[in-house]
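**Q** Sending over a structure as structure tokens; questions will come in a sec.
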Amino acid sequence: MSQLFVQFLVLLGISVVAGIVGSLLGLGGGIIVIPALTLFLHLDYRLAAGASIVSIIATSSGSAATYVKDRLSNIRVGMFLEILTTVGAVCGAFLAGLVKGTALYAVFAAVLLYSLIPMGRKIATELGWKRPSTSIRRQPPMGAPDSFAVKLGFSGSYFDPAEGRSVAYSLGRVPIGATIMYFAGLASGLLGIGSGVFKVVALDTAMGMPMKASTATSNFMIGVTAAASAGIYFLRGDIDPLVAAPVALGVLVGSLVGTRLLARLAGASIRIVFFVVLAFIGLQMLFHGLGVTL
Amino acid sequence: MQDSPPGRKAKQDAPGSSKNDDKARATELMVSVVLRSGVFISAAVIAFGILLLVAHGLKGVGNDLGAVGNYPHAFGQVFSGVARLDPISVITLGLLLVILTPVTRVAVSIVAFAMEKDWRYVVITAVVLFVLVVSFALGKAGS
């Protein structure tokens, strides 16, 4: 068997695992697959990002299809904010061509470590270190939509099967949310990730959308955001088909498997293991980016 | 009777909103179908390209993944390669179809919002499509 074929299978295997882990943890596949490709396979960051961005579009499109059908994604909110994320993504993709590879490692590490914060909070709550404050704190600012939200028709509702009722919401602080969305797009285009964490922060924390709708709307937006930088990556030659194809198929399959495993494996212990591993990987990428060798 | 604004409001909303709801539902289903079929088609094309590659005995590719090789990275190259059934070009076409799936979703949304007669969102969605098209044009200019 040729060396290339072996490498192809290795890439496919790593990507399946990345897809599973990504969906188990509620992080994107990109944030898992990029360290795997760069740190372990020593691939150039640009090629890893090119492969990752394609895999993100595939998984986001697949899951968004379900979320939209289930009316969890708010199409109008997503559509409007995509103006900001796509412009950010174009800026980010060009910026990626200008800055040094090591700088991308450092920025990626910062985003990865930041992404772990909500996961750490969740683990702390599950272990009883922290009171579950979410239901009290996360009430959407009902009756407080700003003038943008009114003009743009930013409200919605979704059916929550767990609570057995329809949850209605309205949104506020649109300018703040929109600004965060620009930077979410910038991070996506710069690093080749979906930057779902930032999108959720904009929707949930800034604008007051309920968490379930925020996650689904963020997912809906990730594909379009990533498509705005993927064209630039492709035309620049950053999408190597023999890297991107196994990564895209692998992450896609992995995330489908992960979604099915989710119900059975979503215990706190498994998340703690991944939390520690990802924190370690984040620090390693940070050191690599800063030129520190251990 | 006079102190039941919620009830009155619901009565007023009911007929109009159910009609709007049907159209909004149609939009959602259309978007959902575009996304799902885009993923299926592109995954199938990529898989077909990989089969072609294996059938060709992995000829015409370097022996090292990730060495920036001479793979196609312009639309013309891809299409002429696909016409020759060149495996790498077929795989690249599949990857391009992945990228074009959300772009198609945006284009279809314009039509869907127009059917709902929601002109504000027709404009908003057209702006997003414009940014996507410009990104490809800029990428070409910058490459």
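Letters A, B, ... go to the chains of the structure tokens in the order shown; residues in each chain start at 1; ligands are counted from 1 in the same order.
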Running DSSP on the backbone, which parts of region 52-289 of chain A land in helix (DSSP H, G or I), as a PyMOL selection string?
**A** chain A and resi 52-69+75-98+101-126+134-137+147-151+174-191+196-206+211-236+241-265+268-289
**Q** At a cut-off of 7 Å, list the chain B residues touching chain A, using only C-alpha atoms, as an MDAnalysis selection string.
**A** chainID B and resid 28:29 32:33 35:36 39 43 46 63:66 71 73:74 88 91:92 95 98:99 102:103 124:125 127:128 131:132 135:136 139:140 143
**Q** Could you tell me how far CA of Thr104 (chain B) lies from CA of Val34 (chain B), in Å and to one decimal?
**A**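 Result for CA of Thr104 (chain B) versus CA of Val34 (chain B): 7.3 Å, one decimal.
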**Q** With only C-alpha atoms as the counted atoms, please give the residues lying no more than 9 Å from Gly92 (chain A), apart from itself and same-chain residues fewer than 3 positions off, as a ChimeraX atom specification.
**A** /A:87-89,95-97,183,185-191,229
**Q** Can you tell me, as a list in words, what residues are no more than 8 Å from Val45 (chain B) when counting only C-alpha atoms, ignoring any on the same chain fewer than 2 positions away?
**A** Ile41, Ser42, Ala43, Ala47, Phe48, Gly49, Val90, Ile91, Leu93 and Gly94 of chain B
**Q** So that I have them on file, write out the residues from the current selection with N, CA and C atoms, as a tab-separated table (two decimals), in the first residue's frame.
**A**
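Once written, result_35.tsv looks like this:
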```tsv
chain	number	residue	atom	x	y	z
B	41	ILE	N	-25.14	15.42	-2.01
B	41	ILE	CA	-24.56	15.43	-3.36
B	41	ILE	C	-23.04	15.62	-3.29
B	42	SER	N	-22.61	16.61	-2.49
B	42	SER	CA	-21.17	16.87	-2.47
B	42	SER	C	-20.40	15.70	-1.86
B	43	ALA	N	-20.96	15.08	-0.80
B	43	ALA	CA	-20.28	13.93	-0.20
B	43	ALA	C	-20.18	12.79	-1.21
B	47	ALA	N	-16.75	11.13	-2.62
B	47	ALA	CA	-16.53	9.69	-2.49
B	47	ALA	C	-16.25	9.07	-3.86
B	48	PHE	N	-16.97	9.53	-4.89
B	48	PHE	CA	-16.75	9.03	-6.25
B	48	PHE	C	-15.33	9.36	-6.70
B	49	GLY	N	-14.88	10.58	-6.41
B	49	GLY	CA	-13.52	10.99	-6.78
B	49	GLY	C	-12.48	10.11	-6.10
B	90	VAL	N	-12.24	15.73	-9.69
B	90	VAL	CA	-13.58	15.32	-9.24
B	90	VAL	C	-13.71	15.56	-7.74
B	91	ILE	N	-12.66	15.18	-6.98
B	91	ILE	CA	-12.69	15.42	-5.53
B	91	ILE	C	-12.83	16.92	-5.26
B	93	LEU	N	-14.12	19.17	-7.16
B	93	LEU	CA	-15.48	19.60	-7.49
B	93	LEU	C	-16.42	19.33	-6.32
B	94	GLY	N	-16.27	18.15	-5.71
B	94	GLY	CA	-17.09	17.82	-4.53
B	94	GLY	C	-16.88	18.82	-3.41
```
**Q** Just how far from CA of Val201 (chain A) is CA of Tyr182 (chain A), in Å to one decimal?
**A**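 Rounded to one decimal, the two atoms are 12.3 Å apart.
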**Q** Could you check how far CA of Val292 (chain A) sits from CA of Leu27 (chain A), in Å to one decimal?
**A** 27.0 Å
**Q** Leaving out Ser52 (chain A) and any residue of its chain fewer than 5 positions from it, which residues lie within 7 Å of it when counting only C-alpha atoms, given as a PyMOL selection string?
**A** chain A and resi 30+33-34+192-193
**Q** Based on the selection just made, write N, CA and C atoms of those residues as a PDB file, in the first residue's frame.
**A**
```
ATOM      1  N   GLY A  30     -13.880  21.858  13.775  1.00  0.00           N
ATOM      2  CA  GLY A  30     -12.683  22.596  13.368  1.00  0.00           C
ATOM      3  C   GLY A  30     -11.713  22.816  14.495  1.00  0.00           C
ATOM      4  N   VAL A  33     -10.019  19.508  14.950  1.00  0.00           N
ATOM      5  CA  VAL A  33      -9.259  18.916  13.853  1.00  0.00           C
ATOM      6  C   VAL A  33      -7.991  19.730  13.549  1.00  0.00           C
ATOM      7  N   ILE A  34      -8.032  21.030  13.780  1.00  0.00           N
ATOM      8  CA  ILE A  34      -6.851  21.850  13.459  1.00  0.00           C
ATOM      9  C   ILE A  34      -5.633  21.494  14.328  1.00  0.00           C
ATOM     10  N   GLY A 192      -9.966  29.485  10.196  1.00  0.00           N
ATOM     11  CA  GLY A 192     -10.544  28.301   9.572  1.00  0.00           C
ATOM     12  C   GLY A 192     -11.428  27.505  10.511  1.00  0.00           C
ATOM     13  N   ILE A 193     -12.056  28.190  11.461  1.00  0.00           N
ATOM     14  CA  ILE A 193     -12.966  27.528  12.407  1.00  0.00           C
ATOM     15  C   ILE A 193     -14.380  28.082  12.227  1.00  0.00           C
TER      16      ILE A 193
END
```
**Q** Identify which of the residues B:Ala141, B:Val123, B:Ala44, B:Leu129 lies closest to Arg105 (chain B), counting only C-alpha atoms when measuring atom-to-atom distances.
**A** B:Leu129
**Q** List every residue of region 97-257 of chain A that DSSP, applied to the backbone of this structure, places in strand (DSSP E or B), and write the result as number ranges by chain.
**A** A: 155-160, 165-170
